[in-house]
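Structure below is input-v3.cif: mmCIF, C-alpha atoms, pLDDT in the B column; chains and numbers go by the auth columns.
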```cif
data_target
loop_
_atom_site.group_PDB
_atom_site.id
_atom_site.type_symbol
_atom_site.label_atom_id
_atom_site.label_comp_id
_atom_site.label_asym_id
_atom_site.label_seq_id
_atom_site.Cartn_x
_atom_site.Cartn_y
_atom_site.Cartn_z
_atom_site.B_iso_or_equiv
_atom_site.auth_seq_id
_atom_site.auth_asym_id
ATOM 1 C CA MET A 1 -16.331 -26.468 56.258 41.00 128 A
ATOM 2 C CA ARG A 2 -19.454 -25.205 54.561 47.00 129 A
ATOM 3 C CA ALA A 3 -18.719 -23.492 51.252 51.00 130 A
ATOM 4 C CA HIS A 4 -19.435 -19.767 51.185 62.00 131 A
ATOM 5 C CA LYS A 5 -20.849 -18.169 48.069 79.00 132 A
ATOM 6 C CA LEU A 6 -19.091 -14.847 47.885 79.00 133 A
ATOM 7 C CA HIS A 7 -22.020 -12.874 46.500 82.00 134 A
ATOM 8 C CA ASP A 8 -24.214 -14.125 49.344 85.00 135 A
ATOM 9 C CA LEU A 9 -21.895 -12.812 52.067 91.00 136 A
ATOM 10 C CA LEU A 10 -23.312 -9.558 53.450 94.00 137 A
ATOM 11 C CA ILE A 11 -19.933 -8.691 54.910 96.00 138 A
ATOM 12 C CA TRP A 12 -18.384 -8.851 51.428 96.00 139 A
ATOM 13 C CA LYS A 13 -21.204 -6.780 49.885 96.00 140 A
ATOM 14 C CA LYS A 14 -20.861 -4.063 52.535 97.00 141 A
ATOM 15 C CA SER A 15 -17.097 -4.041 52.049 98.00 142 A
ATOM 16 C CA MET A 16 -17.522 -3.600 48.304 97.00 143 A
ATOM 17 C CA THR A 17 -19.831 -0.638 48.926 97.00 144 A
ATOM 18 C CA LEU A 18 -17.221 0.808 51.280 98.00 145 A
ATOM 19 C CA VAL A 19 -14.600 0.644 48.521 98.00 146 A
ATOM 20 C CA LYS A 20 -16.853 2.675 46.226 98.00 147 A
ATOM 21 C CA GLU A 21 -17.441 5.251 48.969 97.00 148 A
ATOM 22 C CA VAL A 22 -13.701 5.545 49.597 98.00 149 A
ATOM 23 C CA TYR A 23 -12.944 6.015 45.901 97.00 150 A
ATOM 24 C CA LEU A 24 -15.528 8.801 45.679 97.00 151 A
ATOM 25 C CA LEU A 25 -14.195 10.440 48.840 97.00 152 A
ATOM 26 C CA THR A 26 -10.628 10.483 47.556 96.00 153 A
ATOM 27 C CA GLU A 27 -11.395 11.724 44.028 95.00 154 A
ATOM 28 C CA ASP A 28 -10.839 15.383 44.840 94.00 155 A
ATOM 29 C CA LEU A 29 -7.847 15.117 47.147 93.00 156 A
ATOM 30 C CA PRO A 30 -4.759 17.122 46.147 90.00 157 A
ATOM 31 C CA SER A 31 -3.008 15.635 43.128 89.00 158 A
ATOM 32 C CA ASP A 32 0.318 15.592 44.965 90.00 159 A
ATOM 33 C CA GLU A 33 -1.243 12.926 47.221 85.00 160 A
ATOM 34 C CA LYS A 34 -1.956 10.623 44.242 85.00 161 A
ATOM 35 C CA TYR A 35 0.961 8.325 45.038 81.00 162 A
ATOM 36 C CA GLY A 36 0.812 8.921 48.785 92.00 163 A
ATOM 37 C CA LEU A 37 -2.283 8.960 50.904 94.00 164 A
ATOM 38 C CA ILE A 38 -4.789 8.433 48.064 95.00 165 A
ATOM 39 C CA SER A 39 -3.040 5.289 46.864 95.00 166 A
ATOM 40 C CA GLN A 40 -2.623 3.971 50.406 96.00 167 A
ATOM 41 C CA ILE A 41 -6.270 4.599 51.343 97.00 168 A
ATOM 42 C CA ARG A 42 -7.609 2.989 48.200 98.00 169 A
ATOM 43 C CA ARG A 43 -5.360 -0.077 48.447 98.00 170 A
ATOM 44 C CA CYS A 44 -6.348 -0.503 52.056 97.00 171 A
ATOM 45 C CA ALA A 45 -10.078 -0.260 51.265 98.00 172 A
ATOM 46 C CA VAL A 46 -9.759 -2.777 48.418 98.00 173 A
ATOM 47 C CA SER A 47 -7.881 -5.120 50.750 98.00 174 A
ATOM 48 C CA ILE A 48 -10.956 -5.609 52.937 98.00 175 A
ATOM 49 C CA PRO A 49 -13.329 -7.328 50.458 98.00 176 A
ATOM 50 C CA SER A 50 -10.365 -8.920 48.674 97.00 177 A
ATOM 51 C CA ASN A 51 -9.242 -10.748 51.812 97.00 178 A
ATOM 52 C CA ILE A 52 -12.814 -11.754 52.638 96.00 179 A
ATOM 53 C CA ALA A 53 -13.066 -13.181 49.125 95.00 180 A
ATOM 54 C CA GLU A 54 -9.765 -15.000 49.348 94.00 181 A
ATOM 55 C CA GLY A 55 -10.725 -16.470 52.711 93.00 182 A
ATOM 56 C CA ALA A 56 -14.098 -17.606 51.381 91.00 183 A
ATOM 57 C CA GLY A 57 -12.289 -19.443 48.610 90.00 184 A
ATOM 58 C CA ARG A 58 -10.035 -21.361 50.992 88.00 185 A
ATOM 59 C CA ASN A 59 -10.520 -24.958 52.017 82.00 186 A
ATOM 60 C CA ASN A 60 -10.715 -24.742 55.786 88.00 187 A
ATOM 61 C CA VAL A 61 -11.901 -22.585 58.667 91.00 188 A
ATOM 62 C CA LYS A 62 -8.381 -21.818 59.884 93.00 189 A
ATOM 63 C CA GLU A 63 -7.398 -20.281 56.558 94.00 190 A
ATOM 64 C CA PHE A 64 -10.671 -18.356 56.278 93.00 191 A
ATOM 65 C CA ASN A 65 -10.132 -16.996 59.794 95.00 192 A
ATOM 66 C CA GLN A 66 -6.625 -15.899 58.857 96.00 193 A
ATOM 67 C CA PHE A 67 -7.898 -13.870 55.899 96.00 194 A
ATOM 68 C CA LEU A 68 -10.724 -12.405 57.980 96.00 195 A
ATOM 69 C CA GLY A 69 -8.036 -11.308 60.441 97.00 196 A
ATOM 70 C CA ILE A 70 -6.151 -9.565 57.644 98.00 197 A
ATOM 71 C CA ALA A 71 -9.385 -7.894 56.487 98.00 198 A
ATOM 72 C CA SER A 72 -10.007 -6.763 60.054 97.00 199 A
ATOM 73 C CA GLY A 73 -6.532 -5.271 60.289 98.00 200 A
ATOM 74 C CA SER A 74 -7.155 -3.393 57.055 98.00 201 A
ATOM 75 C CA THR A 75 -10.328 -1.860 58.531 98.00 202 A
ATOM 76 C CA TYR A 76 -8.341 -0.365 61.398 98.00 203 A
ATOM 77 C CA GLU A 77 -5.612 0.822 59.045 98.00 204 A
ATOM 78 C CA LEU A 78 -8.264 2.481 56.861 98.00 205 A
ATOM 79 C CA GLU A 79 -9.882 4.073 59.907 98.00 206 A
ATOM 80 C CA THR A 80 -6.542 5.666 60.805 97.00 207 A
ATOM 81 C CA GLN A 81 -6.013 6.946 57.274 97.00 208 A
ATOM 82 C CA LEU A 82 -9.504 8.449 57.089 97.00 209 A
ATOM 83 C CA ILE A 83 -8.956 10.258 60.373 97.00 210 A
ATOM 84 C CA LEU A 84 -5.698 11.587 58.925 95.00 211 A
ATOM 85 C CA LEU A 85 -7.694 13.179 56.103 95.00 212 A
ATOM 86 C CA THR A 86 -9.433 15.393 58.658 96.00 213 A
ATOM 87 C CA ASP A 87 -6.281 15.978 60.709 96.00 214 A
ATOM 88 C CA LEU A 88 -4.502 17.187 57.557 94.00 215 A
ATOM 89 C CA ASN A 89 -7.516 19.349 56.618 94.00 216 A
ATOM 90 C CA PHE A 90 -8.092 17.480 53.356 95.00 217 A
ATOM 91 C CA LYS A 91 -11.671 16.593 54.368 96.00 218 A
ATOM 92 C CA ASN A 92 -14.249 17.841 56.842 96.00 219 A
ATOM 93 C CA GLU A 93 -15.281 15.507 59.620 96.00 220 A
ATOM 94 C CA ASN A 94 -18.868 15.385 58.294 97.00 221 A
ATOM 95 C CA GLU A 95 -17.521 13.865 55.054 96.00 222 A
ATOM 96 C CA ILE A 96 -15.647 11.147 56.932 97.00 223 A
ATOM 97 C CA VAL A 97 -18.127 10.197 59.678 97.00 224 A
ATOM 98 C CA PRO A 98 -20.585 8.245 57.459 97.00 225 A
ATOM 99 C CA ILE A 99 -17.728 6.155 56.065 97.00 226 A
ATOM 100 C CA LEU A 100 -16.280 5.638 59.541 98.00 227 A
ATOM 101 C CA ASN A 101 -19.709 4.457 60.703 98.00 228 A
ATOM 102 C CA ASN A 102 -19.874 1.938 57.832 97.00 229 A
ATOM 103 C CA LEU A 103 -16.336 0.853 58.618 97.00 230 A
ATOM 104 C CA ASN A 104 -17.221 0.338 62.278 97.00 231 A
ATOM 105 C CA GLU A 105 -20.163 -1.824 61.252 98.00 232 A
ATOM 106 C CA ILE A 106 -17.885 -3.912 59.019 98.00 233 A
ATOM 107 C CA GLN A 107 -15.393 -4.296 61.896 98.00 234 A
ATOM 108 C CA LYS A 108 -18.177 -5.680 64.102 97.00 235 A
ATOM 109 C CA MET A 109 -19.414 -7.954 61.316 97.00 236 A
ATOM 110 C CA ILE A 110 -15.932 -9.396 60.765 97.00 237 A
ATOM 111 C CA TYR A 111 -15.559 -10.090 64.477 96.00 238 A
ATOM 112 C CA LYS A 112 -18.969 -11.776 64.664 95.00 239 A
ATOM 113 C CA PHE A 113 -18.348 -13.737 61.465 93.00 240 A
ATOM 114 C CA LYS A 114 -15.003 -14.990 62.783 93.00 241 A
ATOM 115 C CA THR A 115 -16.634 -16.015 66.053 93.00 242 A
ATOM 116 C CA ASN A 116 -19.460 -17.855 64.290 90.00 243 A
ATOM 117 C CA LEU A 117 -17.054 -19.492 61.854 86.00 244 A
ATOM 118 C CA THR A 118 -14.860 -20.785 64.672 83.00 245 A
ATOM 119 C CA ASN A 119 -17.721 -21.932 66.893 84.00 246 A
ATOM 120 C CA GLY A 120 -20.031 -23.149 64.153 67.00 247 A
#
```
In structure tokens, what does this structure look like?
Amino acid sequence: MRAHKLHDLLIWKKSMTLVKEVYLLTEDLPSDEKYGLISQIRRCAVSIPSNIAEGAGRNNVKEFNQFLGIASGSTYELETQLILLTDLNFKNENEIVPILNNLNEIQKMIYKFKTNLTNG
């Protein structure tokens, strides 16, 4: 397996940017959500680049794929939580859509990366 330099992985960089966007989005949510939805959303967002990083540090393709799968699952979990923000009237849809678009791009990148990793 070819070693992956974490800071060279575009998928990791985009995921790190997503985390920052999520933190900014959740800053002004109701304080009674601090230990509920805010905490869950932030942990989920952080999970994406964290699992990409852990996978990149593993010794074989199978392990890397496993962590990419976990990162992928976290993207869908985060998507659900962001939609909940609009459903609960905490955020307007126009505040969420740009982040959802970035998240969708990351989902596609993870899928493509996994495919290339397995076949390459």
For the structure provided, state which residues fall under the PyMOL selection byres ((chain A and resi 143) around 9), and present them as JSON, numbers by chain.
-> {"A": [138, 139, 140, 141, 142, 144, 145, 146, 147, 148, 172, 173, 175, 176, 177]}
Counting all atoms listed in the file, the option among A:Leu152, A:His134, A:Asn187, A:Glu204 closest to Glu220 in chain A | A:Leu152
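What separates CA of Lys132 in chain A from CA of Asn243 in chain A is a distance of 16.3 Å.
Take CA of Tyr150 in chain A and CA of Asn192 in chain A: the distance between them is 27.0 Å.
Applied to the file shown here, the PyMOL selection byres ((chain A and resi 181) around 12) selects His131, Lys132, Leu133, Trp139, Ser174, Ile175, Pro176, Ser177, Asn178, Ile179, Ala180, Gly182, Ala183, Gly184, Arg185, Asn186, Asn187, Glu190, Phe191, Asn192, Gln193, Phe194, Leu195, Gly196, Ile197 and Ala198 of chain A.
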One decimal, Å: what's the distance from CA of Lys218 in chain A over to CA of Glu160 in chain A, could you say?
-> 13.2 Å
Neighbours of Phe217 in chain A within 10 Å (only C-alpha atoms; same-chain residues fewer than 6 positions away dropped), as a count of residues only?
-> 6
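For Leu230 in chain A, the residues within 8 Å (counting all atoms listed in the file, excluding itself and residues fewer than 3 positions away along the chain) are Leu145, Thr202, Glu206, Ile226, Leu227, Ile233 and Gln234 of chain A.
Counting all atoms listed in the file, the residue from A:Thr245, A:Glu232, A:Cys171, A:Gly200 that sits nearest to Leu137 in chain A is A:Glu232.
Shortest separation to Val149 in chain A among A:Lys189, A:Lys235, A:Lys161, A:Arg170 occurs at residue A:Arg170, atoms counted being all atoms listed in the file.
Among the candidate residues A:Leu205, A:Leu151, A:Arg169, A:Lys239, the one lying nearest to Glu222 in chain A is A:Leu151, with distances computed using all atoms listed in the file.
Proximity of A:Asn228, A:Asn216, A:Ser199, A:Ser166 to Glu154 in chain A, computed with all atoms listed in the file, is greatest for A:Ser166.
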Would you please work out which residue, of A:Pro225, A:Gln208, A:Asp135, A:Ser201, is nearest to Gly163 in chain A when using all atoms listed in the file?
-> A:Gln208
Please rebuild range 173-184 of chain A with all heavy atoms and return the result as a CSV table (one decimal), keeping the file's coordinate frame.
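Contents of the output file rebuild.csv:
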```csv
chain,number,residue,atom,x,y,z
A,173,VAL,N,-9.6,-1.6,49.3
A,173,VAL,CA,-9.8,-2.8,48.4
A,173,VAL,C,-9.3,-4.1,49.1
A,173,VAL,O,-9.9,-5.1,48.9
A,173,VAL,CB,-9.0,-2.6,47.1
A,173,VAL,CG1,-8.9,-3.8,46.3
A,173,VAL,CG2,-9.6,-1.4,46.3
A,174,SER,N,-8.4,-4.0,50.0
A,174,SER,CA,-7.9,-5.1,50.8
A,174,SER,C,-9.0,-5.8,51.6
A,174,SER,O,-8.9,-7.0,51.8
A,174,SER,CB,-6.7,-4.7,51.7
A,174,SER,OG,-6.3,-5.7,52.5
A,175,ILE,N,-9.9,-5.0,52.1
A,175,ILE,CA,-11.0,-5.6,52.9
A,175,ILE,C,-11.8,-6.7,52.2
A,175,ILE,O,-11.8,-7.8,52.6
A,175,ILE,CB,-11.8,-4.5,53.6
A,175,ILE,CG1,-10.9,-3.6,54.4
A,175,ILE,CG2,-12.9,-5.1,54.4
A,175,ILE,CD1,-11.6,-2.3,54.8
A,176,PRO,N,-12.5,-6.3,51.1
A,176,PRO,CA,-13.3,-7.3,50.5
A,176,PRO,C,-12.5,-8.4,49.8
A,176,PRO,O,-12.9,-9.5,49.6
A,176,PRO,CB,-14.2,-6.5,49.5
A,176,PRO,CG,-13.5,-5.3,49.2
A,176,PRO,CD,-12.7,-5.0,50.5
A,177,SER,N,-11.3,-8.0,49.3
A,177,SER,CA,-10.4,-8.9,48.7
A,177,SER,C,-10.0,-10.0,49.6
A,177,SER,O,-9.9,-11.2,49.2
A,177,SER,CB,-9.1,-8.2,48.2
A,177,SER,OG,-9.5,-7.2,47.2
A,178,ASN,N,-9.6,-9.7,50.9
A,178,ASN,CA,-9.2,-10.7,51.8
A,178,ASN,C,-10.4,-11.6,52.3
A,178,ASN,O,-10.3,-12.8,52.5
A,178,ASN,CB,-8.5,-10.1,53.0
A,178,ASN,CG,-7.1,-9.9,52.7
A,178,ASN,OD1,-6.3,-10.8,52.6
A,178,ASN,ND2,-6.7,-8.6,52.5
A,179,ILE,N,-11.6,-11.0,52.3
A,179,ILE,CA,-12.8,-11.8,52.6
A,179,ILE,C,-13.0,-12.8,51.5
A,179,ILE,O,-13.3,-13.9,51.8
A,179,ILE,CB,-14.0,-10.8,52.8
A,179,ILE,CG1,-13.8,-10.0,54.1
A,179,ILE,CG2,-15.3,-11.6,52.9
A,179,ILE,CD1,-14.8,-8.9,54.3
A,180,ALA,N,-12.9,-12.3,50.3
A,180,ALA,CA,-13.1,-13.2,49.1
A,180,ALA,C,-12.0,-14.3,49.1
A,180,ALA,O,-12.4,-15.5,48.9
A,180,ALA,CB,-13.0,-12.4,47.8
A,181,GLU,N,-10.8,-14.0,49.4
A,181,GLU,CA,-9.8,-15.0,49.3
A,181,GLU,C,-10.0,-16.0,50.4
A,181,GLU,O,-9.9,-17.2,50.2
A,181,GLU,CB,-8.4,-14.4,49.5
A,181,GLU,CG,-7.3,-15.4,49.3
A,181,GLU,CD,-5.9,-14.9,49.0
A,181,GLU,OE1,-5.8,-13.6,48.9
A,181,GLU,OE2,-5.0,-15.7,49.0
A,182,GLY,N,-10.4,-15.6,51.6
A,182,GLY,CA,-10.7,-16.5,52.7
A,182,GLY,C,-11.9,-17.4,52.4
A,182,GLY,O,-11.9,-18.6,52.7
A,183,ALA,N,-12.9,-16.8,51.8
A,183,ALA,CA,-14.1,-17.6,51.4
A,183,ALA,C,-13.7,-18.7,50.4
A,183,ALA,O,-14.4,-19.7,50.3
A,183,ALA,CB,-15.2,-16.7,50.8
A,184,GLY,N,-12.7,-18.5,49.6
A,184,GLY,CA,-12.3,-19.4,48.6
A,184,GLY,C,-11.3,-20.5,49.1
A,184,GLY,O,-10.9,-21.4,48.4
```
